[in-house]
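Chemist: I have a structure here, written as structure tokens, and I will follow up with some questions on it.
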Amino acid sequence: MGSFRSLHNALIVCLFSSLYSLVYGSIVIDRVDREVGVLPSKLLQRAALTIRHDGRRGDDIDVFKFCGRKEDMEASAVIQIGEVDKDKGEEVKEDLVYRGISEDTSIPEGIMCYEYDFPSPLKKKETRTLLTMQISTNHLVASPKERKQSESPKVEVTVPGAFIAGYPIGEEETTIILTTARDIESYTGKREYTQEKQKVLFDPVKRLAPFDGTKDIVRMRISMRQGLLRAKTVEKDVYVSPWGGVRVKEVFDIKNDASLIRGEFSRLDLMLLGDSGAAGAALSFSAKIPGSAYDIRFRDEIGNISTSEITSAKEWKKLLLQPRYPVFGGWSTSFILEYSLDIPSVTMSKKGGSHTLAFTSVPSIVDLVYDEIHTTIHLPEGSHLVGDAFLSQEHTQSVSKEYTYFDVLGRPVISIGQKNVVPEMMTLIEVTYSFSDILSYEKPVLMGGSVVALAILVKAILSIDLGPAQGQKAIKVD
């Protein structure tokens with residue numbers, strides 16, 4: 001009976017493989033080595049895929065489909081797929097180019113697939129190795145929702161038990177790395193596992209049909225002392241001065257999604273219990289700003305916050321920002337970080353009076369997940385934008401003009417919006433604009449001219465003689 005069931009399952013796998021090879025092309029994944037890293041507020045999934053054109057269809061294959069649960073794909077901040085150079089081991093030779101969301105009607109409900117173009121078509125019987133990386137922000141949830149201050153906060157991690165693919169998989173191995181905990185307090189899932197310190201090793205599985213990875217959802221409850229921190233919004237303003245300076249202002253609105261403290265917060269417990277009394281709370285935030293930054297300000301709506309430290313290096317300055325109170329689960333905090341830069345450190349000048357401004361797309365704090373980032377670049381008055389601002393990540397963009405004190409020509413303002421951003425996807429925003437150096441003297445001349453004109457006007461008024469004209473007698477009024 002057991003052999004008949006094994007034969008039955010093998011026939012089903014072959015049937016699914018044949019069916020999906022007609023839909024997706026003749027791609028077979030011979031082996032998957034998947035590693036899942038549980039990080040504060042996010043999940044990092046890496047996989048090495050050995051793929052093969054099995055030759056059932058003679059055509060070369062141009063497109064690879066990367067699939068997952070719909071809620072996971074929509075919550076993914078980063079998805080990257082690269083092709084390994086066979087001559088250099090695991091070094092990525094070239095990235096696959098994102099084409100768009102697959103509109104194939106045969107994809108099961110609840111599954112979403114993205115299409116990527118191969119650098120060169122996959123030929124018949126050819127084998128390649130792909131490296132995938134996916135960072136998503138919806139896999140960690142506080143469990144339970146409330147706790148005492150002295151209790152350790154817990155989170156529930158939800159992840160597919162196997163790699164989800166639209167192709168047959170010959171063999172799959174999964175390792176989960178618990179970067180914040182050593183013990184699994186509860187586990188729900190079909191796959192057996194062994195644990196080696198912070199590594200959870202799942203038993204290998206063989207002969208997976210397309211989309212079989214969705215049949216087993218693993219849920220683990222672990223402790224996480226760092227909390228679940230996310231910036232709900234960040235307003236980043238970059239002011240470019242015509243006189244050689246750049247001022248950067250970042251306004252943070254941060255929330256901790258970890259378990260809410262039951263009852264009142266006790267500063268005495270925080271002092272007496274030490275680290276256990278502050279478990280799940282954010283006592284400080286780490287930030288990185290350019291090494292040439294100066295005039296650094298850390299403040300909130302009350303005023304300057306003096307509880308911060310600066311460590312200087314050649315390329316970066318590292319800041320340790322301590323808010324006025326620890327940010328426990330369910331709590332929020334808002335503050336402002338400002339600093340100045342010399343314009344040569346962020347701008348490259350070109351012939352013809354054009355300049356390219358380049359700065360990082362991600363705000364300074366490195367340990368956060370960002371729900372929304374609104375970046376506004378204020379160019380000097382009289383400058384002209386050359387094309388759109390360049391940013392390789394998905395974003396929205398608009399251009400407007402503003403007028404401030406003594407402005408005549410107006411300032412171009414570029415507004416850029418991003419959603420669901422993690423520090424790992426940091427790239428550069430590049431803005432090219434033209435600006436004549438003569439315009440830098442416009443305001444001093446205008447202000448100086450205004451003062452001179454005012455002085456001439458006052459002198460003219462004072463020089464007016466309102467007395468009786470010469471030769472006339474004053475009229476005496478009784």
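Convention: chains lettered A, B, ... in structure tokens order; per-chain residue numbering from 1; ligands numbered from 1 as shown.
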Mind checking DSSP for stretch 154-389 of chain A and telling me the strand (DSSP E or B) residues as JSON, numbers by chain?
Modeler: {"A": [154, 155, 156, 157, 158, 159, 160, 169, 170, 171, 172, 173, 174, 175, 176, 177, 178, 186, 187, 188, 193, 194, 195, 196, 199, 200, 201, 202, 205, 206, 207, 208, 217, 218, 219, 220, 221, 222, 223, 229, 230, 231, 232, 233, 234, 235, 236, 237, 238, 239, 240, 245, 246, 247, 248, 249, 250, 251, 252, 253, 254, 255, 256, 260, 261, 282, 285, 286, 287, 288, 289, 290, 294, 295, 296, 297, 298, 299, 304, 308, 309, 310, 311, 312, 316, 317, 318, 319, 320, 321, 327, 329, 332, 333, 334, 335, 336, 337, 338, 339, 340, 341, 342, 347, 348, 349, 354, 355, 356, 357, 358, 359, 360, 365, 369, 370, 371, 372, 373, 374, 375, 376, 377, 378, 384, 385]}
Chemist: Take the selection from the previous step and output its residues with C-alpha atoms, as a compact mmCIF listing (two decimals), in the first residue's frame.
Modeler:
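Done, and the output landed in again.txt:
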```txt
# COMPACT_ATOMS: atom_id res chain seq x y z
CA LYS A 154 8.08 37.68 22.20
CA VAL A 155 7.39 37.73 18.47
CA GLU A 156 5.80 35.22 16.14
CA VAL A 157 7.68 34.55 12.91
CA THR A 158 5.67 33.32 9.91
CA VAL A 159 7.50 31.93 6.88
CA PRO A 160 6.71 29.38 4.13
CA ILE A 169 12.03 21.41 -7.54
CA GLY A 170 14.25 18.34 -7.27
CA GLU A 171 15.64 18.96 -3.77
CA GLU A 172 15.27 21.77 -1.23
CA GLU A 173 17.04 22.59 2.05
CA THR A 174 16.09 25.45 4.38
CA THR A 175 18.02 26.98 7.28
CA ILE A 176 16.51 29.63 9.58
CA ILE A 177 18.96 31.82 11.50
CA LEU A 178 17.64 33.38 14.70
CA SER A 186 6.59 27.23 20.22
CA TYR A 187 6.61 25.75 16.72
CA THR A 188 3.87 24.97 14.21
CA TYR A 193 13.98 20.29 12.27
CA THR A 194 17.10 20.21 14.40
CA GLN A 195 18.62 23.23 16.14
CA GLU A 196 22.29 24.13 16.44
CA LYS A 199 20.49 27.85 13.45
CA VAL A 200 17.28 25.91 12.75
CA LEU A 201 17.98 23.19 10.16
CA PHE A 202 14.96 21.74 8.37
CA VAL A 205 12.61 17.63 0.98
CA LYS A 206 12.62 16.16 -2.53
CA ARG A 207 10.39 16.28 -5.60
CA LEU A 208 8.30 19.36 -4.96
CA ILE A 217 3.46 27.56 6.69
CA VAL A 218 5.92 27.55 9.60
CA ARG A 219 5.17 29.62 12.71
CA MET A 220 7.72 30.05 15.49
CA ARG A 221 7.54 32.12 18.65
CA ILE A 222 10.86 33.50 19.85
CA SER A 223 12.10 36.29 22.13
CA LEU A 229 10.86 49.49 15.31
CA ARG A 230 9.55 51.27 12.26
CA ALA A 231 9.50 54.85 11.06
CA LYS A 232 5.94 55.64 10.06
CA THR A 233 7.06 58.73 8.17
CA VAL A 234 10.33 60.57 7.57
CA GLU A 235 10.42 64.06 6.10
CA LYS A 236 13.86 64.70 4.58
CA ASP A 237 14.59 68.23 3.33
CA VAL A 238 17.77 69.07 1.41
CA TYR A 239 18.43 72.83 1.00
CA VAL A 240 21.09 73.76 -1.58
CA GLY A 245 26.48 74.93 1.44
CA VAL A 246 23.90 72.15 1.80
CA ARG A 247 21.64 71.80 4.84
CA VAL A 248 19.97 68.44 5.51
CA LYS A 249 16.98 68.15 7.84
CA GLU A 250 15.36 64.79 8.76
CA VAL A 251 12.15 64.63 10.80
CA PHE A 252 11.50 61.14 12.23
CA ASP A 253 8.20 59.73 13.50
CA ILE A 254 9.05 56.31 14.99
CA LYS A 255 6.84 53.63 16.57
CA ASN A 256 7.67 50.40 18.40
CA LEU A 260 2.55 46.82 24.91
CA ILE A 261 3.50 47.14 28.59
CA ALA A 282 14.59 51.38 22.12
CA PHE A 285 19.16 54.93 17.73
CA SER A 286 22.30 54.51 15.61
CA ALA A 287 22.77 56.89 12.69
CA LYS A 288 25.39 57.38 9.98
CA ILE A 289 26.01 60.70 8.27
CA PRO A 290 28.82 61.81 5.90
CA TYR A 294 29.26 69.75 10.62
CA ASP A 295 26.88 71.86 12.71
CA ILE A 296 24.97 68.74 13.80
CA ARG A 297 21.71 69.30 15.70
CA PHE A 298 19.54 66.70 17.48
CA ARG A 299 16.30 68.14 18.83
CA ASN A 304 17.84 70.46 21.83
CA SER A 308 23.92 61.85 22.10
CA GLU A 309 27.40 60.75 21.08
CA ILE A 310 29.44 61.25 17.91
CA THR A 311 32.21 58.96 16.66
CA SER A 312 34.16 60.39 13.73
CA TRP A 316 31.29 58.54 8.06
CA LYS A 317 30.30 59.99 11.37
CA LYS A 318 28.43 57.55 13.61
CA LEU A 319 25.84 59.04 15.94
CA LEU A 320 24.24 57.45 18.98
CA LEU A 321 20.96 59.32 19.47
CA VAL A 327 10.49 53.74 23.48
CA GLY A 329 6.16 48.56 22.74
CA SER A 332 6.12 56.51 19.64
CA THR A 333 8.73 59.23 19.50
CA SER A 334 9.48 62.13 17.16
CA PHE A 335 12.68 64.12 16.75
CA ILE A 336 14.74 66.08 14.22
CA LEU A 337 18.30 65.48 13.03
CA GLU A 338 20.04 68.27 11.12
CA TYR A 339 23.52 68.73 9.70
CA SER A 340 25.38 70.79 7.10
CA LEU A 341 27.70 69.79 4.25
CA ASP A 342 30.04 71.69 1.97
CA THR A 347 27.94 68.00 -5.93
CA MET A 348 29.90 67.38 -9.10
CA SER A 349 30.21 70.34 -11.48
CA SER A 354 25.50 72.21 -14.83
CA HIS A 355 25.85 70.47 -11.48
CA THR A 356 24.88 66.98 -10.26
CA LEU A 357 23.76 66.70 -6.64
CA ALA A 358 24.03 63.15 -5.21
CA PHE A 359 23.02 61.91 -1.75
CA THR A 360 21.67 58.74 -0.15
CA ILE A 365 19.15 55.89 11.12
CA VAL A 369 12.08 49.91 8.60
CA TYR A 370 10.61 52.94 6.83
CA ASP A 371 6.93 52.94 5.90
CA GLU A 372 7.13 56.24 4.00
CA ILE A 373 9.97 58.61 3.09
CA HIS A 374 9.24 62.05 1.67
CA THR A 375 12.38 63.71 0.29
CA THR A 376 12.27 67.36 -0.82
CA ILE A 377 15.21 68.99 -2.63
CA HIS A 378 15.26 72.80 -2.67
CA HIS A 384 16.94 75.03 -13.90
CA LEU A 385 16.33 71.32 -13.51
```
Chemist: So which one's closest to A:Ile81, A:Tyr325, A:Trp243, A:Phe118, A:Tyr167? Using only C-alpha atoms, please.
Modeler: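 Closest candidate: A:Phe118.
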Chemist: Kindly indicate which residue among A:Thr214, A:Gln226, A:Gln134, A:Thr105 lies nearest to A:Pro40, using only C-alpha atoms for the distances.
Modeler: A:Gln226
